[in-house]
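Have a look at the structure below before the remarks.
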Protein chains: 4
Amino acid sequence: MSITFDSGIYGALLSDAELAGLLSDEQELRAMLEVEAALARAQGKLGLIPAGAAARIDSVAHQLSITPETLAGSTLKSGVPITGLVAELKRALGGEAAEFVHWGATSQDIVDTALVLRLKSAADLLSSRLAGLAALLAEQAAAHRRTVMAARTRFQQAVPTSYGLKLAGWLVPLIRHHRRLNEMRGRLLIVQFGGAGGTLAALGGQGVAVTEALAAELELAAPSLPWHTQRDTIVEFAGWLSLVSASLGKIGRDVLLLAQSEVGEVRPTAAGGSSTMPQKANPVLAEILPALAQANAHALGALHAAMMQEQERGGTGWTVEWMTLPQMMVATAAALNHARALVAGLTVDAPRMRANLEASHGLVLAEAAVFALAAHMPRSKAEALVEAACKAVIEEGGHLCDALAKRTQAPVDFARLRDPGAYLGVSDEFIDQVLADFKAEFRDAGPARV
Amino acid sequence: MSITFDSGIYGALLSDAELAGLLSDEQELRAMLEVEAALARAQGKLGLIPAGAAARIDSVAHQLSITPETLAGSTLKSGVPITGLVAELKRALGGEAAEFVHWGATSQDIVDTALVLRLKSAADLLSSRLAGLAALLAEQAAAHRRTVMAARTRFQQAVPTSYGLKLAGWLVPLIRHHRRLNEMRGRLLIVQFGGAGGTLAALGGQGVAVTEALAAELELAAPSLPWHTQRDTIVEFAGWLSLVSASLGKIGRDVLLLAQSEVGEVRPTAAGGSSTMPQKANPVLAEILPALAQANAHALGALHAAMMQEQERGGTGWTVEWMTLPQMMVATAAALNHARALVAGLTVDAPRMRANLEASHGLVLAEAAVFALAAHMPRSKAEALVEAACKAVIEEGGHLCDALAKRTQAPVDFARLRDPGAYLGVSDEFIDQVLADFKAEFRDAGPARV
Amino acid sequence: MSITFDSGIYGALLSDAELAGLLSDEQELRAMLEVEAALARAQGKLGLIPAGAAARIDSVAHQLSITPETLAGSTLKSGVPITGLVAELKRALGGEAAEFVHWGATSQDIVDTALVLRLKSAADLLSSRLAGLAALLAEQAAAHRRTVMAARTRFQQAVPTSYGLKLAGWLVPLIRHHRRLNEMRGRLLIVQFGGAGGTLAALGGQGVAVTEALAAELELAAPSLPWHTQRDTIVEFAGWLSLVSASLGKIGRDVLLLAQSEVGEVRPTAAGGSSTMPQKANPVLAEILPALAQANAHALGALHAAMMQEQERGGTGWTVEWMTLPQMMVATAAALNHARALVAGLTVDAPRMRANLEASHGLVLAEAAVFALAAHMPRSKAEALVEAACKAVIEEGGHLCDALAKRTQAPVDFARLRDPGAYLGVSDEFIDQVLADFKAEFRDAGPARV
Amino acid sequence: MSITFDSGIYGALLSDAELAGLLSDEQELRAMLEVEAALARAQGKLGLIPAGAAARIDSVAHQLSITPETLAGSTLKSGVPITGLVAELKRALGGEAAEFVHWGATSQDIVDTALVLRLKSAADLLSSRLAGLAALLAEQAAAHRRTVMAARTRFQQAVPTSYGLKLAGWLVPLIRHHRRLNEMRGRLLIVQFGGAGGTLAALGGQGVAVTEALAAELELAAPSLPWHTQRDTIVEFAGWLSLVSASLGKIGRDVLLLAQSEVGEVRPTAAGGSSTMPQKANPVLAEILPALAQANAHALGALHAAMMQEQERGGTGWTVEWMTLPQMMVATAAALNHARALVAGLTVDAPRMRANLEASHGLVLAEAAVFALAAHMPRSKAEALVEAACKAVIEEGGHLCDALAKRTQAPVDFARLRDPGAYLGVSDEFIDQVLADFKAEFRDAGPARV
């Protein structure tokens, strides 16, 4: 048990190199320096600071190379890395330009905006992975429309369904998640700029103008107000991460149940072996997905509680964000990759699905039988007949259809009733509706019903 | 310490009679019977069940009166109240109509749709309270534009700000919350209808038609697929509840800090007395708001973890929703009322705000001094001067402006510098932007930048 | 979806009448009045207040009947019910005795001590239920020593085990929980008494003496210091509640897996029926247990976060306790009853257990085969042989023992190897160790190794 | 915002090099190899494997050097690092000894026991830091017995207290935490050894003997049963971590409130500066403590929920432990160091404490006045007098004692009443009791009342 996000041993399992890369110390330093540079450019253009100083800050900030450890001491002392970063930047600049670095800004302006820059990249990465997984599920849902299996409710076989419908069920929340992310983008991808106390007083009357210019430089939006202690946009995004990972966790949990020894309807390829049991094929990725989701669910609670940040700026809740949000992004990115690998690698055992249905001796068709009989008699009588037949099957064996045939003269088409594939209801229409929503959301980007 | 949502002692403090009323046993029974009635009407119109039976089910369901305790036994046995409810309804119907009750539905169809019906009312109630609180904050933000006070960052006086800007800061997330709720309404207010296993097989090919007709009867939308184990829409709404209550919790926490004996800038009216200290005026509502928010934050984590419901229907996660979501709605409703009462009842002590600023001996103007001096010298030199002057003030007393005047010949307008109200930056523009967003969101219902 | 702890519909499923009774408004009023009475008695004995006044307070407090709603208004206003309660008590007393009620106490002294009085009863009730469940598991563990079934790891059949060993595994944490509760009793069952600010200054120098006398009156211990804002003892108890319910949730989850249609090794009696599927027997109690545990787990997080209560007394965290702890106690009490009913009611299908083992075609004996062969060859060679044989069985059918016999001349006793019941290792010794610990903990109350 | 536990920038603030060192990949590999070595030694001594092989495994395991990345691939594939580790160990051994590595063990046996080995070191480290902090608080509590300040309840000045009593209040839960850790050591520090399915069947009848020998080799205890899916001991320890960090978070929160600009009773040395405000001295460590505690509180909820691990071994909940517990240990270790640095570095401003008391114009003495007057009149009359006087002081200024003197002839010693230091009740006795408990717990290791 190492500190898993940082572990060479566990990293491939529980971390995600690509998203963790966006959140590395190096990328954070790069982003913070870019914000300082953009601020100088914006202020230079508005004449707030000399154009030459702005150009030099822009240039030096982009070239400056600082090791993370350089900032460790000042970060411990001041609780934020900006005091140290600005000192390093001033040192590298020297001369007049150094006077104009970080003009009118507060540390949190830089840290938060640098975060948002990376949230933008992270949102793009996650959205792209989401789309990839959705496309895979859509393709498989279409392909498995007629792969008949048991629907299971409360851990019991209920009625027949199709594997395609199950896949469509896994897909539908992903469509909504894509929609949600787009809805929140405009709220999330905003600059933070408020100065010492949220009034931008150091900039005289030009605070709004600088905010807008800074936003333009960074291709972000400008908020109506600094959001130093109004963290709902950050936490809304964290909620999205947790919704996504929970939807993937449900896929994992379903796969675990389907892959059990006694069920065996899907088999993960590249399943994990045991250190002592030669026969084992462990569904590792399926087990990891709910673990990542559970970690996110609890982290989300921490972030919501941390929203209550004090007055104009507070350190406690903000620090909780630092400890929590990066891990949630990494976990969600890992979950998206794992889910895709898991679903893509599943071997679907359609004969076993059929066999499991058959093994119920027709009990899984009890509802079908009730409604077939109810065409010829009151439903209450049909139910009583089917209950008696079920009881007989459980106690004496045989097939439900035979038990029923012995008990009624009703002209039921028992051959058809006996076929689970004939009792799929509107599963095709449901799949079609989901596929249409998928196309509308991911292809046309227009409105869809989900 | 009673079970607080149900307590005569604590109810007024921690519950909300109006929203709890929507979630009473009686209202739940009413809603479930309305769903059964609407299903019969929809199926009658489509010819799936006899029109006469449909009419009678509709009529009897609306008249039927069941005590909650009638269902306790069957709920314990089957884990849902529908088995018992349908039995009662059949008993009341008798005859042929009883045969067509609950046709093709599963228990969860009724429970979930009945929940959504009440979510609709709850969302309306919460939205209306949100609007009321937002209007109050907007009005006060405008009124207190020039009520100068200290901005506080990390529990220290930072720079001057205005109470109006603080109020605008409290308002801005509420505007976003209103937007968010509207964005999710279409996803949330949908019928649940999937039958035993999500295929609606009992209805032959008419599953989609019945779903749409049922949705029309109930003035809800129809989903692309049953969502028995895809709970993201419910949990998204829970996330919204927690976002709202956290934003209100931040108001409470700010008020607590402002109302401290040593700060005294606001005073809650009708503050609570002590059982032993005659002088005490406790800010009770301000303390309750973060408590409600913390409870919601943690409940939200439970709901996210509970999203991973098994296969086509699972009881565990669903039950966690039952234990959690109603309390979150009640807590949020209570918080909205308490926040409004708290803000409306605050006595704002502008002279004390001024006095607290003055008590810093001008230290709260240190940033202002740096930028005033920086008009006449390099900022680094200005900073050094101000730091030295701050040090002198801390050690020897006096006012920062005087300490500076002794140290520099720079033609700074010390009289203006000495006035905290002259260092409010663009607080007015920020307030105006927020008020414009408020109007756009709540009046015109058009797009706003927040 | 009602507010479940208070619901006539859901109460039997999710609440617990007996423990909820301890936490009713009525019992809370009773307990608070008893604390006021005991305080008067203690102070009367010490001569701090007149003996006559003490006697009259004691008498009137025990007779006084207050409806919960009487206190609603003052509780909303002051955030605690004591202001109103003391006013009612004074009114009932009249005359001199009224002057000496609540002498030197603060509201929180009464509320917390009244809570502890009921925690004592609650702890006894929970401990007794825990013992009952443990005894049932112990009895069944002994009875099912030789009921052979598959051990399942990561959702796959692993090796043979016994149902008795599984039961012993469920039992062992309960033994530790019983131990833990006894360890914490002395910390938990203490009076709260600190007066207005934790110094008991109103009592002159007699604060410690009154604390001890009050503790003696109530048969509680006296703490070294008031614990108004040191809540670790309360939260430690909440942690215990959550540990207990999680251990029970694990039982529920295991039962769910064993009771699946395709596994069928245990069947809950009195399982829940479906509103549309005649054949269903839903394992309702098994699904409820993890739901109760999940609710507790998240509530516990809220309580830990709420420990950071401000200065000498704070209202926010304390209120979070009120919203959380009673529900945790009720959920744990319900879980203990449900777990006992679940386990007691399980029909164990030993032939099905056997059949499920057989259905693996001997793959569940792969480890056994390796070690049987390793007596005659290097383990690596044995592993290679078994892996090849497993592969053959998976692809071509047949039994692992036959596939092995074809591949080796090693003098393995294949008849014995073929018997899963011969590969139970030290399961008997493990069961014996647990039963000994059970007896030591619950009978002799002496030390045990767990 | 980097992944903070792994960040060069944030590590000194939010991580802990010493405890993180115990949890490094390198230490994990070392511990896992030590468990394999100890297993071989134990089995060699019992004659289960050849003595020569045991000796060679012991020797090679201690010399083997594996880079963490070597195991990344197999960890991703099998979900645990042991398959890869054992393969590396076998490769290094070659020959006959390789046949006897990991004899009869399962991956989880090694991972869990290797964790426990490091938990032992971690518990020692944390216990030692706890003792150090407790000693500091004890020393300061004694030193500040007569440093008079205002007790604050619900954010309002209540009555006088002493800073020494506040320190004793911070100390008292640490004494209990030390006790708790010792109580749980015997449960926590146990080997995990159950083999493939918890029966140790691969070892024939020697499973218990090997377990005990392995425990002896590693200086751990032997459990009554393998605890692969009974995780209460791990989670109990996590609960302890969270209790500790919450108690420290309360210290941080109190310091934040005392260090506010308007209160100023304590000043952190080495406080953090601002990037734009020269006068700021931010209480960084005080803000970090509650952040660490909040993160732990929520992680604890995840661990409790993760206790419900499936059947004989499950991967999901176990993986949640990996993602959560190491961070909790690191956060707690960091919090202990930060708390000590914070408390040790506080400058206590006794005159400011006095001045803040004076600033209440005697209102903080209202309770004292009531009880002083109540010696000469009924308390109700005294209360009415004091309330009237309080009202006068609030509206007209002046001191409560003067306002009272004007209103009564009662022979109250107003000079004494005017001195807050004369109204400290039994604060000294309380401090003495805590110091005695401290000594008993940390020096004599005997029983104490806390």
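Identifiers in this document derive from the order of the structure tokens: chains are assigned A, B, ..., residues are numbered from 1 separately in each chain, and ligands are numbered from 1 in order of occurrence.
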Please tabulate, as CSV, the residues of chain C that come within 8 Å of chain A, each with its closest pair of atoms and the distance in Å to one decimal, counting only C-alpha atoms and ordering rows by chain, then residue number upward.
```
residue,atom,partner,partner_atom,distance
C:Arg154,CA,A:Asn282,CA,6.2
C:Phe155,CA,A:Gln260,CA,5.2
C:Gln156,CA,A:Ser261,CA,5.0
C:Gln157,CA,A:Ser261,CA,5.9
C:Ala158,CA,A:Met277,CA,7.1
C:Leu256,CA,A:Phe155,CA,6.7
C:Leu257,CA,A:Phe155,CA,7.4
C:Ala259,CA,A:Phe155,CA,7.6
C:Gln260,CA,A:Phe155,CA,5.2
C:Ser261,CA,A:Gln156,CA,5.1
C:Glu262,CA,A:Glu262,CA,6.0
C:Val263,CA,A:Glu262,CA,6.2
C:Thr276,CA,A:Glu367,CA,6.5
C:Met277,CA,A:Glu367,CA,5.1
C:Pro278,CA,A:Glu387,CA,5.7
C:Gln279,CA,A:Leu363,CA,6.1
C:Lys280,CA,A:Gln156,CA,7.1
C:Ala281,CA,A:Gln156,CA,7.7
C:Asn282,CA,A:Arg154,CA,6.2
C:Pro283,CA,A:Arg154,CA,7.2
C:Glu287,CA,A:Arg154,CA,7.9
C:Asn356,CA,A:Glu262,CA,7.3
C:Ser360,CA,A:Ser261,CA,7.9
C:Leu363,CA,A:Gln279,CA,6.0
C:Val364,CA,A:Gln279,CA,7.4
C:Ala366,CA,A:Pro278,CA,6.2
C:Glu367,CA,A:Met277,CA,5.1
C:Glu383,CA,A:Pro278,CA,7.0
C:Val386,CA,A:Pro278,CA,6.9
C:Glu387,CA,A:Pro278,CA,5.7
C:Cys390,CA,A:Gln279,CA,6.2
```
Contacts of Arg340 of chain B at 12 Å (only C-alpha atoms; same-chain gap of 6+ positions) as a compact mmCIF listing (two decimals) with N, CA, C and O atoms, in the first residue's frame:
```
# COMPACT_ATOMS: atom_id res chain seq x y z
N ARG B 129 -38.22 29.93 -3.37
CA ARG B 129 -37.50 30.46 -2.20
C ARG B 129 -36.15 31.03 -2.62
O ARG B 129 -35.68 32.04 -2.07
N LEU B 130 -35.52 30.36 -3.56
CA LEU B 130 -34.23 30.84 -4.06
C LEU B 130 -34.40 32.23 -4.66
O LEU B 130 -33.60 33.14 -4.42
N ALA B 131 -35.45 32.38 -5.44
CA ALA B 131 -35.70 33.68 -6.08
C ALA B 131 -35.95 34.76 -5.03
O ALA B 131 -35.46 35.90 -5.15
N GLY B 132 -36.69 34.39 -3.98
CA GLY B 132 -36.97 35.38 -2.94
C GLY B 132 -35.71 35.82 -2.23
O GLY B 132 -35.49 37.02 -1.98
N LEU B 133 -34.87 34.87 -1.92
CA LEU B 133 -33.62 35.21 -1.25
C LEU B 133 -32.72 36.03 -2.17
O LEU B 133 -32.10 37.01 -1.74
N ALA B 134 -32.70 35.64 -3.44
CA ALA B 134 -31.87 36.38 -4.40
C ALA B 134 -32.34 37.83 -4.51
O ALA B 134 -31.52 38.76 -4.54
N ALA B 135 -33.64 38.02 -4.53
CA ALA B 135 -34.17 39.38 -4.65
C ALA B 135 -33.78 40.21 -3.43
O ALA B 135 -33.43 41.39 -3.55
N LEU B 136 -33.85 39.59 -2.27
CA LEU B 136 -33.45 40.31 -1.05
C LEU B 136 -31.99 40.71 -1.11
O LEU B 136 -31.61 41.84 -0.78
N LEU B 137 -31.15 39.76 -1.53
CA LEU B 137 -29.71 40.07 -1.60
C LEU B 137 -29.44 41.15 -2.65
O LEU B 137 -28.59 42.03 -2.45
N GLN B 140 -30.38 44.50 -1.22
CA GLN B 140 -29.45 44.98 -0.20
C GLN B 140 -28.07 45.28 -0.80
O GLN B 140 -27.36 46.18 -0.33
N TRP B 170 -22.55 36.95 -2.18
CA TRP B 170 -23.48 35.90 -1.71
C TRP B 170 -24.54 35.61 -2.78
O TRP B 170 -25.04 34.48 -2.87
N LEU B 171 -24.87 36.62 -3.55
CA LEU B 171 -25.94 36.47 -4.54
C LEU B 171 -25.52 35.68 -5.78
O LEU B 171 -26.30 34.88 -6.32
N LEU B 248 -25.48 28.81 0.99
CA LEU B 248 -26.14 29.44 2.13
C LEU B 248 -25.31 29.26 3.39
O LEU B 248 -25.26 30.15 4.25
N ILE B 251 -22.88 31.97 3.66
CA ILE B 251 -23.49 33.19 4.20
C ILE B 251 -23.51 33.11 5.73
O ILE B 251 -23.11 34.05 6.43
N GLY B 252 -23.96 31.95 6.22
CA GLY B 252 -24.02 31.78 7.67
C GLY B 252 -22.67 31.95 8.32
O GLY B 252 -22.52 32.65 9.33
N PRO B 268 -27.62 39.82 14.32
CA PRO B 268 -28.88 39.17 13.99
C PRO B 268 -29.97 39.70 14.92
O PRO B 268 -29.75 39.80 16.13
N LEU B 285 -29.40 31.28 13.72
CA LEU B 285 -29.64 30.89 12.32
C LEU B 285 -28.33 30.82 11.55
O LEU B 285 -28.17 29.96 10.68
N ALA B 286 -27.42 31.70 11.86
CA ALA B 286 -26.12 31.68 11.16
C ALA B 286 -25.36 30.40 11.45
O ALA B 286 -24.60 29.91 10.60
N LEU B 289 -27.10 27.29 9.40
CA LEU B 289 -26.89 27.17 7.94
C LEU B 289 -25.71 26.28 7.58
O LEU B 289 -25.86 25.37 6.76
N ALA B 333 -34.59 23.31 1.97
CA ALA B 333 -35.73 24.22 2.12
C ALA B 333 -35.61 25.01 3.42
O ALA B 333 -35.85 26.23 3.44
N ALA B 334 -35.25 24.32 4.48
CA ALA B 334 -35.08 25.02 5.76
C ALA B 334 -33.97 26.06 5.64
O ALA B 334 -34.10 27.19 6.13
N LEU B 346 -30.67 41.15 9.73
CA LEU B 346 -29.38 41.66 10.19
C LEU B 346 -29.42 43.17 10.39
O LEU B 346 -29.86 43.91 9.51
```
> So which one's closest to Met307 of chain A, A:Ala246, A:Leu336, A:Leu188, A:Ala238? Using only C-alpha atoms, please.
Replying inline: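 The closest residue to Met307 of chain A is A:Ala238.
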> Please, what distance in Å, to one decimal, runs between atom CA of Leu303 of chain D and atom CA of Pro81 of chain D?
Replying inline: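 Value for the atom CA of Leu303 of chain D-atom CA of Pro81 of chain D distance: 21.2 Å.
Atom CA of Arg180 of chain C is found 17.6 Å from atom CA of Ile175 of chain D.
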> In terms of the shortest atom-to-atom distance over only C-alpha atoms, which of B:Leu214, B:Ala222, B:Leu342, B:Val35 is closest to Arg267 of chain B?
Replying inline: B:Leu342
>> Could you go through segment 27-276 of chain B and tell me which residues DSSP, when run on the backbone, assigns to strand (DSSP E), listing them as a list in words?
In response: Val148, Met149, Ala150, Ala151, Arg152, Thr153, Gln156, Gln157, Ala158, Val159, Pro160, Thr161, Ser162, Val266, Arg267 and Pro268 of chain B
Keeping only all heavy atoms, write the selected residues to a file as an mmCIF file, in the first residue's frame.
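And here's again34.cif as it stands now:
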```cif
data_model
loop_
_atom_site.group_PDB
_atom_site.id
_atom_site.type_symbol
_atom_site.label_atom_id
_atom_site.label_comp_id
_atom_site.auth_asym_id
_atom_site.auth_seq_id
_atom_site.Cartn_x
_atom_site.Cartn_y
_atom_site.Cartn_z
ATOM 1 N N VAL B 148 -18.833 50.939 3.712
ATOM 2 C CA VAL B 148 -17.432 50.495 3.639
ATOM 3 C C VAL B 148 -17.079 49.609 4.829
ATOM 4 O O VAL B 148 -17.453 49.917 5.962
ATOM 5 C CB VAL B 148 -16.493 51.713 3.592
ATOM 6 C CG1 VAL B 148 -15.042 51.270 3.460
ATOM 7 C CG2 VAL B 148 -16.887 52.612 2.428
ATOM 8 N N MET B 149 -16.378 48.542 4.549
ATOM 9 C CA MET B 149 -15.941 47.631 5.606
ATOM 10 C C MET B 149 -14.630 46.971 5.177
ATOM 11 O O MET B 149 -14.172 47.173 4.052
ATOM 12 C CB MET B 149 -17.002 46.550 5.843
ATOM 13 C CG MET B 149 -17.154 45.584 4.688
ATOM 14 S SD MET B 149 -18.564 44.422 4.866
ATOM 15 C CE MET B 149 -18.073 43.534 6.340
ATOM 16 N N ALA B 150 -14.050 46.210 6.070
ATOM 17 C CA ALA B 150 -12.808 45.515 5.734
ATOM 18 C C ALA B 150 -13.092 44.228 4.991
ATOM 19 O O ALA B 150 -13.944 43.441 5.423
ATOM 20 C CB ALA B 150 -12.016 45.200 7.005
ATOM 21 N N ALA B 151 -12.417 44.052 3.861
ATOM 22 C CA ALA B 151 -12.343 42.704 3.289
ATOM 23 C C ALA B 151 -11.390 41.912 4.157
ATOM 24 O O ALA B 151 -10.346 42.426 4.577
ATOM 25 C CB ALA B 151 -11.835 42.774 1.856
ATOM 26 N N ARG B 152 -11.753 40.657 4.409
ATOM 27 C CA ARG B 152 -10.898 39.827 5.260
ATOM 28 C C ARG B 152 -10.465 38.586 4.490
ATOM 29 O O ARG B 152 -11.303 37.864 3.955
ATOM 30 C CB ARG B 152 -11.636 39.442 6.538
ATOM 31 C CG ARG B 152 -11.879 40.649 7.437
ATOM 32 C CD ARG B 152 -12.783 40.354 8.589
ATOM 33 N NE ARG B 152 -12.958 41.537 9.437
ATOM 34 C CZ ARG B 152 -13.971 42.396 9.337
ATOM 35 N NH1 ARG B 152 -14.922 42.208 8.430
ATOM 36 N NH2 ARG B 152 -14.039 43.437 10.148
ATOM 37 N N THR B 153 -9.180 38.390 4.442
ATOM 38 C CA THR B 153 -8.657 37.205 3.772
ATOM 39 C C THR B 153 -7.809 36.445 4.763
ATOM 40 O O THR B 153 -7.009 37.035 5.488
ATOM 41 C CB THR B 153 -7.833 37.589 2.527
ATOM 42 O OG1 THR B 153 -6.710 38.353 2.919
ATOM 43 C CG2 THR B 153 -8.679 38.391 1.547
ATOM 44 N N GLN B 156 -7.696 37.768 8.284
ATOM 45 C CA GLN B 156 -7.011 39.025 8.567
ATOM 46 C C GLN B 156 -7.632 40.133 7.724
ATOM 47 O O GLN B 156 -8.013 39.904 6.586
ATOM 48 C CB GLN B 156 -5.518 38.907 8.174
ATOM 49 C CG GLN B 156 -4.784 37.744 8.799
ATOM 50 C CD GLN B 156 -4.695 37.863 10.302
ATOM 51 O OE1 GLN B 156 -4.255 38.880 10.810
ATOM 52 N NE2 GLN B 156 -5.146 36.830 11.017
ATOM 53 N N GLN B 157 -7.664 41.320 8.278
ATOM 54 C CA GLN B 157 -8.069 42.470 7.469
ATOM 55 C C GLN B 157 -7.119 42.610 6.288
ATOM 56 O O GLN B 157 -5.902 42.568 6.432
ATOM 57 C CB GLN B 157 -8.034 43.752 8.304
ATOM 58 C CG GLN B 157 -9.195 43.837 9.285
ATOM 59 C CD GLN B 157 -9.406 45.254 9.809
ATOM 60 O OE1 GLN B 157 -8.784 46.196 9.306
ATOM 61 N NE2 GLN B 157 -10.294 45.408 10.777
ATOM 62 N N ALA B 158 -7.708 42.789 5.094
ATOM 63 C CA ALA B 158 -6.879 42.834 3.893
ATOM 64 C C ALA B 158 -6.891 44.234 3.286
ATOM 65 O O ALA B 158 -5.896 44.952 3.341
ATOM 66 C CB ALA B 158 -7.393 41.823 2.878
ATOM 67 N N VAL B 159 -8.008 44.617 2.722
ATOM 68 C CA VAL B 159 -8.183 45.934 2.097
ATOM 69 C C VAL B 159 -9.636 46.338 2.357
ATOM 70 O O VAL B 159 -10.446 45.515 2.776
ATOM 71 C CB VAL B 159 -7.932 45.874 0.568
ATOM 72 C CG1 VAL B 159 -6.468 45.589 0.245
ATOM 73 C CG2 VAL B 159 -8.826 44.826 -0.092
ATOM 74 N N PRO B 160 -9.993 47.565 2.084
ATOM 75 C CA PRO B 160 -11.416 47.927 2.221
ATOM 76 C C PRO B 160 -12.263 47.279 1.129
ATOM 77 O O PRO B 160 -11.787 46.990 0.031
ATOM 78 C CB PRO B 160 -11.413 49.457 2.051
ATOM 79 C CG PRO B 160 -9.999 49.875 2.295
ATOM 80 C CD PRO B 160 -9.143 48.735 1.821
ATOM 81 N N THR B 161 -13.496 47.044 1.474
ATOM 82 C CA THR B 161 -14.479 46.612 0.484
ATOM 83 C C THR B 161 -15.812 47.235 0.906
ATOM 84 O O THR B 161 -15.821 48.115 1.779
ATOM 85 C CB THR B 161 -14.575 45.077 0.404
ATOM 86 O OG1 THR B 161 -15.413 44.713 -0.688
ATOM 87 C CG2 THR B 161 -15.130 44.466 1.689
ATOM 88 N N SER B 162 -16.894 46.810 0.290
ATOM 89 C CA SER B 162 -18.188 47.306 0.754
ATOM 90 C C SER B 162 -19.072 46.126 1.133
ATOM 91 O O SER B 162 -18.921 45.026 0.596
ATOM 92 C CB SER B 162 -18.880 48.146 -0.327
ATOM 93 O OG SER B 162 -19.430 47.309 -1.329
ATOM 94 N N VAL B 266 -22.329 43.138 12.116
ATOM 95 C CA VAL B 266 -23.748 42.860 11.915
ATOM 96 C C VAL B 266 -24.278 42.217 13.193
ATOM 97 O O VAL B 266 -23.528 41.598 13.944
ATOM 98 C CB VAL B 266 -24.010 41.905 10.721
ATOM 99 C CG1 VAL B 266 -23.502 42.507 9.408
ATOM 100 C CG2 VAL B 266 -23.380 40.542 10.962
ATOM 101 N N ARG B 267 -25.562 42.405 13.420
ATOM 102 C CA ARG B 267 -26.211 41.776 14.580
ATOM 103 C C ARG B 267 -27.488 41.120 14.109
ATOM 104 O O ARG B 267 -28.357 41.791 13.539
ATOM 105 C CB ARG B 267 -26.560 42.826 15.643
ATOM 106 C CG ARG B 267 -25.493 43.081 16.680
ATOM 107 C CD ARG B 267 -26.032 43.923 17.842
ATOM 108 N NE ARG B 267 -26.646 45.159 17.361
ATOM 109 C CZ ARG B 267 -25.974 46.265 17.019
ATOM 110 N NH1 ARG B 267 -24.645 46.281 17.115
ATOM 111 N NH2 ARG B 267 -26.602 47.332 16.578
ATOM 112 N N PRO B 268 -27.618 39.819 14.324
ATOM 113 C CA PRO B 268 -28.877 39.166 13.988
ATOM 114 C C PRO B 268 -29.969 39.696 14.916
ATOM 115 O O PRO B 268 -29.752 39.797 16.126
ATOM 116 C CB PRO B 268 -28.627 37.681 14.264
ATOM 117 C CG PRO B 268 -27.160 37.544 14.452
ATOM 118 C CD PRO B 268 -26.633 38.872 14.862
#
```
>> List as number ranges by chain the protein and nucleic acid residues near segment 240-245 of chain B, meaning an atom at most 9 Å away when only C-alpha atoms are counted, but skip any in the same chain fewer than 5 places from it.
In response: A: 232, 235-236, 304-305, 307; B: 130, 173-174, 177, 180-181, 235, 250, 289-290, 292-297, 299-300, 328-329, 331-333, 335-336
>> Using DSSP assignments from the backbone, pull out every residue in segment 103-294 of chain C that falls under helix (DSSP H, G or I) and give it to me as an MDAnalysis selection string.
In response: chainID C and resid 107:143 163:188 201:218 232:258 284:294
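One distance worth recording is that between atom CA of Val116 of chain D and atom CA of Met308 of chain D, which is 20.0 Å.
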